[in-house]
file upload-v3.txt (compact mmCIF, N, CA, C and O atoms)
# COMPACT_ATOMS: atom_id res chain seq x y z
N MET A 1 158.72 91.75 32.44
CA MET A 1 157.78 92.78 32.04
C MET A 1 158.09 94.07 32.81
O MET A 1 159.21 94.34 33.13
N PHE A 2 157.04 94.82 33.10
CA PHE A 2 157.18 96.08 33.82
C PHE A 2 157.13 95.85 35.33
O PHE A 2 156.44 94.97 35.81
N ASP A 3 157.86 96.65 36.03
CA ASP A 3 157.72 96.68 37.48
C ASP A 3 156.38 97.34 37.80
O ASP A 3 155.94 98.25 37.11
N ALA A 4 155.71 96.89 38.85
CA ALA A 4 154.38 97.40 39.18
C ALA A 4 154.41 98.90 39.48
O ALA A 4 153.50 99.64 39.10
N SER A 5 155.47 99.36 40.14
CA SER A 5 155.52 100.79 40.46
C SER A 5 155.74 101.63 39.20
O SER A 5 155.16 102.71 39.07
N LEU A 6 156.54 101.14 38.27
CA LEU A 6 156.75 101.85 37.00
C LEU A 6 155.45 101.91 36.20
O LEU A 6 155.12 102.94 35.61
N GLN A 7 154.70 100.83 36.20
CA GLN A 7 153.43 100.81 35.49
C GLN A 7 152.44 101.78 36.13
O GLN A 7 151.74 102.51 35.43
N THR A 8 152.40 101.82 37.45
CA THR A 8 151.50 102.75 38.14
C THR A 8 151.87 104.19 37.86
O THR A 8 151.00 105.02 37.59
N VAL A 9 153.17 104.49 37.89
CA VAL A 9 153.62 105.86 37.59
C VAL A 9 153.30 106.22 36.15
O VAL A 9 152.87 107.35 35.86
N SER A 10 153.47 105.28 35.23
CA SER A 10 153.15 105.54 33.82
C SER A 10 151.66 105.82 33.62
O SER A 10 151.28 106.73 32.88
N ILE A 11 150.82 105.06 34.30
CA ILE A 11 149.38 105.27 34.19
C ILE A 11 149.00 106.62 34.78
O ILE A 11 148.23 107.37 34.18
N LEU A 12 149.56 106.95 35.93
CA LEU A 12 149.27 108.25 36.55
C LEU A 12 149.75 109.40 35.66
O LEU A 12 149.05 110.41 35.51
N PHE A 13 150.93 109.25 35.07
CA PHE A 13 151.45 110.29 34.17
C PHE A 13 150.54 110.46 32.95
O PHE A 13 150.25 111.58 32.53
N ALA A 14 150.07 109.35 32.39
CA ALA A 14 149.18 109.42 31.23
C ALA A 14 147.87 110.10 31.60
O ALA A 14 147.35 110.94 30.85
N ILE A 15 147.32 109.78 32.76
CA ILE A 15 146.06 110.38 33.18
C ILE A 15 146.24 111.87 33.45
O ILE A 15 145.45 112.70 32.98
N ILE A 16 147.28 112.24 34.19
CA ILE A 16 147.50 113.64 34.54
C ILE A 16 147.86 114.46 33.30
O ILE A 16 147.32 115.54 33.07
N GLY A 17 148.75 113.95 32.47
CA GLY A 17 149.14 114.67 31.26
C GLY A 17 147.99 114.81 30.28
O GLY A 17 147.76 115.88 29.70
N GLY A 18 147.22 113.75 30.10
CA GLY A 18 146.08 113.81 29.20
C GLY A 18 144.98 114.72 29.71
O GLY A 18 144.35 115.45 28.94
N THR A 19 144.77 114.70 31.02
CA THR A 19 143.76 115.58 31.60
C THR A 19 144.18 117.04 31.45
O THR A 19 143.36 117.90 31.08
N ALA A 20 145.44 117.33 31.71
CA ALA A 20 145.93 118.71 31.56
C ALA A 20 145.83 119.16 30.11
O ALA A 20 145.38 120.28 29.83
N ALA A 21 146.20 118.31 29.18
CA ALA A 21 146.11 118.67 27.76
C ALA A 21 144.66 118.86 27.34
O ALA A 21 144.33 119.78 26.59
N GLY A 22 143.77 118.01 27.83
CA GLY A 22 142.36 118.15 27.51
C GLY A 22 141.76 119.43 28.07
O GLY A 22 141.00 120.12 27.39
N VAL A 23 142.12 119.77 29.31
CA VAL A 23 141.61 121.00 29.92
C VAL A 23 142.15 122.22 29.18
O VAL A 23 141.40 123.17 28.89
N LEU A 24 143.44 122.22 28.86
CA LEU A 24 144.01 123.36 28.15
C LEU A 24 143.40 123.51 26.75
O LEU A 24 143.13 124.63 26.30
N SER A 25 143.17 122.41 26.06
CA SER A 25 142.56 122.53 24.74
C SER A 25 141.09 122.96 24.85
O SER A 25 140.60 123.69 24.00
N PHE A 26 140.40 122.55 25.92
CA PHE A 26 139.03 123.03 26.13
C PHE A 26 139.02 124.53 26.40
O PHE A 26 138.17 125.26 25.89
N LEU A 27 139.96 125.01 27.20
CA LEU A 27 140.05 126.45 27.46
C LEU A 27 140.37 127.23 26.18
O LEU A 27 139.83 128.31 25.94
N LEU A 28 141.26 126.67 25.36
CA LEU A 28 141.57 127.31 24.09
C LEU A 28 140.35 127.34 23.18
O LEU A 28 140.08 128.33 22.52
N TRP A 29 139.58 126.25 23.17
CA TRP A 29 138.36 126.21 22.38
C TRP A 29 137.36 127.27 22.87
O TRP A 29 136.68 127.90 22.07
N ASN A 30 137.30 127.45 24.18
CA ASN A 30 136.38 128.45 24.74
C ASN A 30 136.75 129.86 24.24
O ASN A 30 135.88 130.68 24.02
N VAL A 31 138.04 130.12 24.06
CA VAL A 31 138.47 131.42 23.55
C VAL A 31 138.24 131.51 22.03
O VAL A 31 137.79 132.54 21.53
N LEU A 32 138.51 130.45 21.30
CA LEU A 32 138.45 130.46 19.83
C LEU A 32 137.14 129.93 19.27
O LEU A 32 137.07 129.60 18.09
N ARG A 33 136.11 129.87 20.08
CA ARG A 33 134.85 129.26 19.66
C ARG A 33 134.25 129.92 18.42
O ARG A 33 133.69 129.26 17.57
N GLU A 34 134.38 131.21 18.29
CA GLU A 34 133.77 131.96 17.19
C GLU A 34 134.70 132.12 15.98
O GLU A 34 134.35 132.78 15.02
N THR A 35 135.88 131.54 16.03
CA THR A 35 136.83 131.67 14.93
C THR A 35 136.81 130.41 14.07
O THR A 35 136.22 129.40 14.45
N PRO A 36 137.45 130.46 12.90
CA PRO A 36 137.49 129.26 12.05
C PRO A 36 138.17 128.05 12.70
O PRO A 36 137.87 126.92 12.36
N PHE A 37 139.07 128.29 13.62
CA PHE A 37 139.79 127.18 14.25
C PHE A 37 139.05 126.59 15.45
O PHE A 37 139.54 125.67 16.08
N GLY A 38 137.87 127.10 15.78
CA GLY A 38 137.11 126.59 16.93
C GLY A 38 136.76 125.12 16.80
O GLY A 38 136.91 124.35 17.74
N THR A 39 136.29 124.71 15.62
CA THR A 39 135.93 123.31 15.40
C THR A 39 137.16 122.41 15.44
O THR A 39 137.13 121.31 15.98
N VAL A 40 138.26 122.90 14.88
CA VAL A 40 139.50 122.13 14.87
C VAL A 40 139.99 121.89 16.29
O VAL A 40 140.38 120.78 16.66
N VAL A 41 139.93 122.92 17.12
CA VAL A 41 140.39 122.79 18.50
C VAL A 41 139.46 121.88 19.30
O VAL A 41 139.92 121.09 20.13
N ALA A 42 138.15 121.94 19.04
CA ALA A 42 137.21 121.05 19.73
C ALA A 42 137.50 119.59 19.38
O ALA A 42 137.48 118.72 20.26
N LEU A 43 137.78 119.33 18.12
CA LEU A 43 138.11 117.97 17.71
C LEU A 43 139.44 117.53 18.31
O LEU A 43 139.61 116.36 18.68
N LEU A 44 140.37 118.45 18.46
CA LEU A 44 141.64 118.13 19.10
C LEU A 44 141.42 117.75 20.56
O LEU A 44 142.08 116.83 21.07
N SER A 45 140.52 118.41 21.24
CA SER A 45 140.20 118.06 22.62
C SER A 45 139.69 116.64 22.73
O SER A 45 140.11 115.88 23.61
N LEU A 46 138.79 116.26 21.84
CA LEU A 46 138.28 114.89 21.84
C LEU A 46 139.38 113.88 21.53
O LEU A 46 139.43 112.81 22.13
N THR A 47 140.23 114.23 20.60
CA THR A 47 141.33 113.32 20.25
C THR A 47 142.28 113.11 21.42
O THR A 47 142.69 111.98 21.70
N LEU A 48 142.62 114.18 22.14
CA LEU A 48 143.50 114.05 23.30
C LEU A 48 142.87 113.18 24.38
O LEU A 48 143.56 112.36 25.01
N SER A 49 141.58 113.33 24.60
CA SER A 49 140.90 112.49 25.58
C SER A 49 140.92 111.03 25.15
O SER A 49 141.15 110.13 25.98
N GLY A 50 140.69 110.78 23.88
CA GLY A 50 140.72 109.41 23.38
C GLY A 50 142.09 108.77 23.47
O GLY A 50 142.23 107.60 23.82
N VAL A 51 143.13 109.54 23.16
CA VAL A 51 144.49 109.01 23.25
C VAL A 51 144.85 108.66 24.70
O VAL A 51 145.46 107.62 24.97
N THR A 52 144.43 109.50 25.62
CA THR A 52 144.69 109.22 27.04
C THR A 52 143.97 107.95 27.47
O THR A 52 144.56 107.07 28.11
N LEU A 53 142.70 107.84 27.13
CA LEU A 53 141.94 106.65 27.47
C LEU A 53 142.56 105.40 26.85
O LEU A 53 142.69 104.36 27.50
N TYR A 54 142.98 105.50 25.60
CA TYR A 54 143.58 104.36 24.91
C TYR A 54 144.84 103.87 25.63
O TYR A 54 145.01 102.68 25.86
N HIS A 55 145.72 104.79 26.00
CA HIS A 55 146.97 104.37 26.63
C HIS A 55 146.76 103.81 28.03
O HIS A 55 147.44 102.87 28.43
N VAL A 56 145.81 104.36 28.76
CA VAL A 56 145.53 103.80 30.09
C VAL A 56 144.97 102.39 29.97
O VAL A 56 145.41 101.48 30.68
N VAL A 57 144.02 102.19 29.06
CA VAL A 57 143.43 100.86 28.89
C VAL A 57 144.48 99.89 28.34
O VAL A 57 144.50 98.72 28.72
N LEU A 58 145.37 100.36 27.49
CA LEU A 58 146.43 99.51 26.95
C LEU A 58 147.36 99.04 28.05
O LEU A 58 147.76 97.87 28.10
N PHE A 59 147.72 99.94 28.98
CA PHE A 59 148.58 99.55 30.10
C PHE A 59 147.88 98.59 31.04
O PHE A 59 148.48 97.64 31.52
N VAL A 60 146.62 98.82 31.30
CA VAL A 60 145.91 98.01 32.30
C VAL A 60 145.47 96.67 31.74
O VAL A 60 145.71 95.64 32.35
N GLY A 61 144.84 96.68 30.55
CA GLY A 61 144.19 95.46 30.10
C GLY A 61 144.85 94.71 28.97
O GLY A 61 144.54 93.56 28.75
N GLY A 62 145.73 95.33 28.23
CA GLY A 62 146.31 94.65 27.08
C GLY A 62 145.41 94.78 25.86
O GLY A 62 144.49 95.58 25.81
N GLU A 63 145.67 93.96 24.84
CA GLU A 63 144.93 94.03 23.58
C GLU A 63 143.53 93.43 23.74
O GLU A 63 143.35 92.42 24.40
N SER A 64 142.55 94.08 23.10
CA SER A 64 141.18 93.58 23.10
C SER A 64 140.45 94.17 21.90
O SER A 64 140.98 95.01 21.18
N VAL A 65 139.22 93.74 21.71
CA VAL A 65 138.41 94.26 20.62
C VAL A 65 138.10 95.74 20.88
O VAL A 65 138.07 96.55 19.96
N PHE A 66 137.88 96.10 22.16
CA PHE A 66 137.62 97.49 22.52
C PHE A 66 138.79 98.38 22.11
O PHE A 66 138.60 99.47 21.56
N LEU A 67 140.02 97.92 22.34
CA LEU A 67 141.19 98.71 21.96
C LEU A 67 141.32 98.84 20.45
O LEU A 67 141.71 99.90 19.96
N ASP A 68 141.02 97.78 19.73
CA ASP A 68 141.06 97.87 18.27
C ASP A 68 140.04 98.88 17.76
O ASP A 68 140.33 99.67 16.85
N THR A 69 138.85 98.88 18.34
CA THR A 69 137.81 99.83 17.96
C THR A 69 138.22 101.25 18.32
O THR A 69 138.05 102.18 17.52
N LEU A 70 138.76 101.43 19.52
CA LEU A 70 139.20 102.75 19.96
C LEU A 70 140.34 103.27 19.09
O LEU A 70 140.36 104.44 18.72
N ARG A 71 141.28 102.40 18.74
CA ARG A 71 142.39 102.79 17.87
C ARG A 71 141.87 103.22 16.50
O ARG A 71 142.30 104.23 15.94
N SER A 72 140.92 102.47 15.96
CA SER A 72 140.33 102.82 14.67
C SER A 72 139.60 104.15 14.74
O SER A 72 139.71 104.99 13.83
N ALA A 73 138.87 104.38 15.82
CA ALA A 73 138.15 105.64 15.98
C ALA A 73 139.13 106.81 16.11
O ALA A 73 138.90 107.89 15.54
N MET A 74 140.22 106.61 16.82
CA MET A 74 141.22 107.68 16.96
C MET A 74 141.86 108.01 15.62
O MET A 74 142.08 109.18 15.30
N HIS A 75 142.17 107.01 14.82
CA HIS A 75 142.75 107.27 13.50
C HIS A 75 141.76 108.03 12.61
O HIS A 75 142.15 108.92 11.86
N THR A 76 140.49 107.68 12.72
CA THR A 76 139.46 108.39 11.96
C THR A 76 139.37 109.84 12.41
O THR A 76 139.28 110.76 11.58
N ILE A 77 139.39 110.07 13.72
CA ILE A 77 139.31 111.43 14.24
C ILE A 77 140.53 112.24 13.83
O ILE A 77 140.41 113.42 13.46
N VAL A 78 141.70 111.64 13.84
CA VAL A 78 142.90 112.35 13.41
C VAL A 78 142.80 112.71 11.92
O VAL A 78 143.18 113.82 11.51
N ALA A 79 142.27 111.81 11.10
CA ALA A 79 142.10 112.11 9.68
C ALA A 79 141.12 113.27 9.48
O ALA A 79 141.36 114.17 8.67
N ILE A 80 140.03 113.26 10.23
CA ILE A 80 139.06 114.36 10.15
C ILE A 80 139.70 115.66 10.63
O ILE A 80 139.49 116.73 10.05
N PHE A 81 140.50 115.57 11.70
CA PHE A 81 141.20 116.74 12.23
C PHE A 81 142.11 117.35 11.16
O PHE A 81 142.08 118.56 10.93
N LEU A 82 142.88 116.52 10.48
CA LEU A 82 143.77 117.03 9.43
C LEU A 82 142.98 117.63 8.27
O LEU A 82 143.36 118.67 7.73
N TRP A 83 141.87 117.00 7.89
CA TRP A 83 141.03 117.53 6.83
C TRP A 83 140.47 118.90 7.23
O TRP A 83 140.44 119.82 6.42
N LEU A 84 140.04 119.05 8.48
CA LEU A 84 139.50 120.33 8.94
C LEU A 84 140.57 121.42 8.96
O LEU A 84 140.29 122.58 8.65
N VAL A 85 141.78 121.06 9.33
CA VAL A 85 142.87 122.04 9.32
C VAL A 85 143.12 122.53 7.90
O VAL A 85 143.26 123.74 7.66
N ILE A 86 143.14 121.60 6.95
CA ILE A 86 143.37 121.98 5.55
C ILE A 86 142.20 122.82 5.03
O ILE A 86 142.41 123.84 4.37
N ALA A 87 140.97 122.43 5.35
CA ALA A 87 139.80 123.18 4.89
C ALA A 87 139.76 124.58 5.51
O ALA A 87 139.43 125.56 4.83
N THR A 88 140.12 124.68 6.77
CA THR A 88 140.16 125.99 7.43
C THR A 88 141.23 126.87 6.82
O THR A 88 141.02 128.07 6.61
N ASN A 89 142.38 126.29 6.51
CA ASN A 89 143.45 127.05 5.87
C ASN A 89 142.99 127.56 4.51
O ASN A 89 143.25 128.71 4.16
N GLU A 90 142.32 126.72 3.73
CA GLU A 90 141.82 127.13 2.43
C GLU A 90 140.79 128.25 2.57
O GLU A 90 140.78 129.21 1.79
N GLN A 91 139.92 128.15 3.58
CA GLN A 91 138.91 129.18 3.81
C GLN A 91 139.57 130.51 4.16
O GLN A 91 139.17 131.56 3.66
N ILE A 92 140.59 130.48 4.98
CA ILE A 92 141.30 131.71 5.34
C ILE A 92 142.02 132.28 4.13
O ILE A 92 142.01 133.49 3.91
N GLN A 93 142.63 131.42 3.32
CA GLN A 93 143.32 131.88 2.10
C GLN A 93 142.35 132.57 1.15
O GLN A 93 142.67 133.60 0.57
N GLN A 94 141.17 131.99 0.98
CA GLN A 94 140.17 132.61 0.09
C GLN A 94 139.68 133.94 0.65
O GLN A 94 139.44 134.88 -0.12
N THR A 95 139.51 134.04 1.94
CA THR A 95 139.08 135.29 2.56
C THR A 95 140.13 136.37 2.38
O THR A 95 139.80 137.52 2.10
N VAL A 96 141.39 136.01 2.52
CA VAL A 96 142.47 136.99 2.39
C VAL A 96 142.61 137.45 0.95
O VAL A 96 142.82 138.63 0.69
N THR A 97 142.47 136.55 -0.02
CA THR A 97 142.65 136.94 -1.42
C THR A 97 141.48 137.76 -1.95
O THR A 97 141.64 138.51 -2.90
N ARG A 98 140.31 137.68 -1.34
CA ARG A 98 139.17 138.47 -1.77
C ARG A 98 139.32 139.94 -1.35
O ARG A 98 138.74 140.81 -1.94
N ARG A 99 140.07 140.21 -0.33
CA ARG A 99 140.20 141.58 0.18
C ARG A 99 141.22 142.34 -0.55
O ARG A 99 141.92 142.39 -1.28

call {"tool": "encode", "arguments": {"input": "upload-v3.txt", "output": "structure tokens"}}
result
Amino acid sequence: MFDASLQTVSILFAIIGGTAAGVLSFLLWNVLRETPFGTVVALLSLTLSGVTLYHVVLFVGGESVFLDTLRSAMHTIVAIFLWLVIATNEQIQQTVTRR
């Protein structure tokens, strides 16, 4: 299997990388809060946090019902994220064509 030090470094990398991505997406959301992409960026922040949590729990505990539920929730959030991106794009296209 994995060497214990490699597993520890992988977990630390996932936590640090996911935390940095979550903080940066939160800061971006703070700037874009009043724009059409504000909701999309907020959902992206939640998705990044969920992906980080999923990978840490996967490394530590292995497969479980909690991981199956978390994986299903992440796939649902990603689908909603993609739908919001498409809806926001359509909204911007309609705004541009009206002018």

call {"tool": "atom_distance", "arguments": {"input": "upload-v3.txt", "atom1": "atom O of Thr97 of chain A", "atom2": "atom CA of Thr35 of chain A"}}
result
19.7 Å

call {"tool": "closest_residue", "arguments": {"input": "upload-v3.txt", "among": "A:Thr88, A:Ser10, A:Ser72, A:Thr47", "to": "Phe59 of chain A", "atoms": "only N, CA, C and O atoms"}}
result
A:Ser10

call {"tool": "closest_residue", "arguments": {"input": "upload-v3.txt", "among": "A:Thr52, A:Ser45, A:Gln7, A:Gln93", "to": "Val23 of chain A", "atoms": "only C-alpha atoms"}}
result
A:Ser45

call {"tool": "closest_residue", "arguments": {"input": "upload-v3.txt", "among": "A:Val41, A:Val85, A:Ile15, A:Ala4", "to": "Leu53 of chain A", "atoms": "only N, CA, C and O atoms"}}
result
A:Ile15

call {"tool": "residues_around", "arguments": {"input": "upload-v3.txt", "residues": "Val56 of chain A", "least_positions_apart": "5", "cutoff": "6 Å", "atoms": "only N, CA, C and O atoms", "output": "list of chain:residue names"}}
result
A:Ile11, A:Val51, A:Gly61

call {"tool": "closest_residue", "arguments": {"input": "upload-v3.txt", "among": "A:Leu70, A:Leu48, A:His55, A:Ile80", "to": "Gly18 of chain A", "atoms": "all atoms listed in the file"}}
result
A:Leu48

call {"tool": "atom_distance", "arguments": {"input": "upload-v3.txt", "atom1": "atom CA of Gln94 of chain A", "atom2": "atom C of Val40 of chain A"}}
result
19.4 Å

call {"tool": "atom_distance", "arguments": {"input": "upload-v3.txt", "atom1": "atom CA of Asn30 of chain A", "atom2": "atom CA of Ile86 of chain A"}}
result
21.4 Å

call {"tool": "closest_residue", "arguments": {"input": "upload-v3.txt", "among": "A:Glu34, A:Ala73, A:Leu28, A:Val9", "to": "Gly50 of chain A", "atoms": "all atoms listed in the file"}}
result
A:Ala73

call {"tool": "closest_residue", "arguments": {"input": "upload-v3.txt", "among": "A:Val60, A:Arg98, A:Ser49, A:His75", "to": "Gly17 of chain A", "atoms": "only C-alpha atoms"}}
result
A:Ser49

call {"tool": "residues_near_point", "arguments": {"input": "upload-v3.txt", "point": "(138.0, 99.9, 25.5)", "cutoff": "7 Å", "atoms": "all atoms listed in the file", "output": "NGL selection string"}}
result
:A and (53 or 57 or 65-68 or 70)

call {"tool": "write_last_selection", "arguments": {"input": "upload-v3.txt", "atoms": "N, CA, C and O atoms", "output": "short mmCIF file (atom, residue, chain, number, x, y, z; two decimals), keeping the file's coordinate frame"}}
result
data_model
loop_
_atom_site.label_atom_id
_atom_site.label_comp_id
_atom_site.auth_asym_id
_atom_site.auth_seq_id
_atom_site.Cartn_x
_atom_site.Cartn_y
_atom_site.Cartn_z
N LEU A 53 142.70 107.84 27.13
CA LEU A 53 141.94 106.65 27.47
C LEU A 53 142.56 105.40 26.85
O LEU A 53 142.69 104.36 27.50
N VAL A 57 144.02 102.19 29.06
CA VAL A 57 143.43 100.86 28.89
C VAL A 57 144.48 99.89 28.34
O VAL A 57 144.50 98.72 28.72
N VAL A 65 139.22 93.74 21.71
CA VAL A 65 138.41 94.26 20.62
C VAL A 65 138.10 95.74 20.88
O VAL A 65 138.07 96.55 19.96
N PHE A 66 137.88 96.10 22.16
CA PHE A 66 137.62 97.49 22.52
C PHE A 66 138.79 98.38 22.11
O PHE A 66 138.60 99.47 21.56
N LEU A 67 140.02 97.92 22.34
CA LEU A 67 141.19 98.71 21.96
C LEU A 67 141.32 98.84 20.45
O LEU A 67 141.71 99.90 19.96
N ASP A 68 141.02 97.78 19.73
CA ASP A 68 141.06 97.87 18.27
C ASP A 68 140.04 98.88 17.76
O ASP A 68 140.33 99.67 16.85
N LEU A 70 138.76 101.43 19.52
CA LEU A 70 139.20 102.75 19.96
C LEU A 70 140.34 103.27 19.09
O LEU A 70 140.36 104.44 18.72
#

call {"tool": "decode", "arguments": {"input": "upload-v3.txt", "residues": "segment 22-44 of chain A", "atoms": "N, CA, C and O atoms", "output": "PDB file, in the first residue's frame"}}
result
ATOM      1  N   GLY A  22     -10.237  27.263  -1.454  1.00  0.00           N
ATOM      2  CA  GLY A  22     -11.469  27.746  -0.839  1.00  0.00           C
ATOM      3  C   GLY A  22     -11.381  29.205  -0.425  1.00  0.00           C
ATOM      4  O   GLY A  22     -12.316  29.976  -0.637  1.00  0.00           O
ATOM      5  N   VAL A  23     -10.242  29.598   0.151  1.00  0.00           N
ATOM      6  CA  VAL A  23     -10.067  30.992   0.562  1.00  0.00           C
ATOM      7  C   VAL A  23     -10.037  31.909  -0.658  1.00  0.00           C
ATOM      8  O   VAL A  23     -10.672  32.972  -0.668  1.00  0.00           O
ATOM      9  N   LEU A  24      -9.314  31.505  -1.697  1.00  0.00           N
ATOM     10  CA  LEU A  24      -9.257  32.337  -2.900  1.00  0.00           C
ATOM     11  C   LEU A  24     -10.623  32.458  -3.577  1.00  0.00           C
ATOM     12  O   LEU A  24     -10.997  33.532  -4.052  1.00  0.00           O
ATOM     13  N   SER A  25     -11.383  31.379  -3.613  1.00  0.00           N
ATOM     14  CA  SER A  25     -12.709  31.470  -4.220  1.00  0.00           C
ATOM     15  C   SER A  25     -13.653  32.302  -3.346  1.00  0.00           C
ATOM     16  O   SER A  25     -14.509  33.018  -3.861  1.00  0.00           O
ATOM     17  N   PHE A  26     -13.478  32.249  -2.019  1.00  0.00           N
ATOM     18  CA  PHE A  26     -14.282  33.104  -1.147  1.00  0.00           C
ATOM     19  C   PHE A  26     -13.940  34.577  -1.370  1.00  0.00           C
ATOM     20  O   PHE A  26     -14.827  35.432  -1.414  1.00  0.00           O
ATOM     21  N   LEU A  27     -12.662  34.890  -1.518  1.00  0.00           N
ATOM     22  CA  LEU A  27     -12.261  36.269  -1.794  1.00  0.00           C
ATOM     23  C   LEU A  27     -12.799  36.742  -3.148  1.00  0.00           C
ATOM     24  O   LEU A  27     -13.241  37.890  -3.289  1.00  0.00           O
ATOM     25  N   LEU A  28     -12.773  35.861  -4.137  1.00  0.00           N
ATOM     26  CA  LEU A  28     -13.333  36.205  -5.440  1.00  0.00           C
ATOM     27  C   LEU A  28     -14.835  36.440  -5.336  1.00  0.00           C
ATOM     28  O   LEU A  28     -15.370  37.367  -5.932  1.00  0.00           O
ATOM     29  N   TRP A  29     -15.524  35.615  -4.548  1.00  0.00           N
ATOM     30  CA  TRP A  29     -16.953  35.802  -4.347  1.00  0.00           C
ATOM     31  C   TRP A  29     -17.229  37.146  -3.670  1.00  0.00           C
ATOM     32  O   TRP A  29     -18.198  37.825  -3.997  1.00  0.00           O
ATOM     33  N   ASN A  30     -16.368  37.526  -2.728  1.00  0.00           N
ATOM     34  CA  ASN A  30     -16.542  38.801  -2.036  1.00  0.00           C
ATOM     35  C   ASN A  30     -16.459  39.970  -3.025  1.00  0.00           C
ATOM     36  O   ASN A  30     -17.152  40.960  -2.874  1.00  0.00           O
ATOM     37  N   VAL A  31     -15.616  39.845  -4.046  1.00  0.00           N
ATOM     38  CA  VAL A  31     -15.499  40.890  -5.060  1.00  0.00           C
ATOM     39  C   VAL A  31     -16.680  40.834  -6.040  1.00  0.00           C
ATOM     40  O   VAL A  31     -17.231  41.868  -6.410  1.00  0.00           O
ATOM     41  N   LEU A  32     -17.096  39.647  -6.438  1.00  0.00           N
ATOM     42  CA  LEU A  32     -18.128  39.473  -7.462  1.00  0.00           C
ATOM     43  C   LEU A  32     -19.524  39.245  -6.895  1.00  0.00           C
ATOM     44  O   LEU A  32     -20.412  38.786  -7.608  1.00  0.00           O
ATOM     45  N   ARG A  33     -19.739  39.581  -5.642  1.00  0.00           N
ATOM     46  CA  ARG A  33     -21.006  39.287  -4.978  1.00  0.00           C
ATOM     47  C   ARG A  33     -22.201  39.915  -5.692  1.00  0.00           C
ATOM     48  O   ARG A  33     -23.261  39.324  -5.766  1.00  0.00           O
ATOM     49  N   GLU A  34     -22.050  41.087  -6.238  1.00  0.00           N
ATOM     50  CA  GLU A  34     -23.163  41.810  -6.866  1.00  0.00           C
ATOM     51  C   GLU A  34     -23.282  41.545  -8.371  1.00  0.00           C
ATOM     52  O   GLU A  34     -24.116  42.135  -9.031  1.00  0.00           O
ATOM     53  N   THR A  35     -22.459  40.681  -8.911  1.00  0.00           N
ATOM     54  CA  THR A  35     -22.484  40.389 -10.338  1.00  0.00           C
ATOM     55  C   THR A  35     -23.232  39.080 -10.590  1.00  0.00           C
ATOM     56  O   THR A  35     -23.512  38.331  -9.650  1.00  0.00           O
ATOM     57  N   PRO A  36     -23.542  38.783 -11.849  1.00  0.00           N
ATOM     58  CA  PRO A  36     -24.230  37.516 -12.147  1.00  0.00           C
ATOM     59  C   PRO A  36     -23.423  36.267 -11.764  1.00  0.00           C
ATOM     60  O   PRO A  36     -23.997  35.222 -11.497  1.00  0.00           O
ATOM     61  N   PHE A  37     -22.122  36.377 -11.726  1.00  0.00           N
ATOM     62  CA  PHE A  37     -21.295  35.212 -11.402  1.00  0.00           C
ATOM     63  C   PHE A  37     -21.090  35.020  -9.902  1.00  0.00           C
ATOM     64  O   PHE A  37     -20.406  34.096  -9.490  1.00  0.00           O
ATOM     65  N   GLY A  38     -21.670  35.871  -9.066  1.00  0.00           N
ATOM     66  CA  GLY A  38     -21.503  35.757  -7.617  1.00  0.00           C
ATOM     67  C   GLY A  38     -22.005  34.434  -7.069  1.00  0.00           C
ATOM     68  O   GLY A  38     -21.344  33.783  -6.262  1.00  0.00           O
ATOM     69  N   THR A  39     -23.196  34.006  -7.508  1.00  0.00           N
ATOM     70  CA  THR A  39     -23.759  32.738  -7.045  1.00  0.00           C
ATOM     71  C   THR A  39     -22.937  31.558  -7.535  1.00  0.00           C
ATOM     72  O   THR A  39     -22.717  30.594  -6.805  1.00  0.00           O
ATOM     73  N   VAL A  40     -22.460  31.645  -8.764  1.00  0.00           N
ATOM     74  CA  VAL A  40     -21.646  30.568  -9.332  1.00  0.00           C
ATOM     75  C   VAL A  40     -20.357  30.402  -8.541  1.00  0.00           C
ATOM     76  O   VAL A  40     -19.952  29.289  -8.200  1.00  0.00           O
ATOM     77  N   VAL A  41     -19.729  31.512  -8.201  1.00  0.00           N
ATOM     78  CA  VAL A  41     -18.472  31.455  -7.451  1.00  0.00           C
ATOM     79  C   VAL A  41     -18.713  30.954  -6.030  1.00  0.00           C
ATOM     80  O   VAL A  41     -17.905  30.195  -5.486  1.00  0.00           O
ATOM     81  N   ALA A  42     -19.832  31.333  -5.412  1.00  0.00           N
ATOM     82  CA  ALA A  42     -20.154  30.843  -4.068  1.00  0.00           C
ATOM     83  C   ALA A  42     -20.339  29.325  -4.084  1.00  0.00           C
ATOM     84  O   ALA A  42     -19.856  28.616  -3.189  1.00  0.00           O
ATOM     85  N   LEU A  43     -21.018  28.824  -5.097  1.00  0.00           N
ATOM     86  CA  LEU A  43     -21.208  27.379  -5.216  1.00  0.00           C
ATOM     87  C   LEU A  43     -19.883  26.679  -5.490  1.00  0.00           C
ATOM     88  O   LEU A  43     -19.640  25.577  -4.997  1.00  0.00           O
ATOM     89  N   LEU A  44     -19.000  27.319  -6.230  1.00  0.00           N
ATOM     90  CA  LEU A  44     -17.678  26.763  -6.471  1.00  0.00           C
ATOM     91  C   LEU A  44     -16.890  26.659  -5.168  1.00  0.00           C
ATOM     92  O   LEU A  44     -16.174  25.676  -4.951  1.00  0.00           O
TER      93      LEU A  44
END
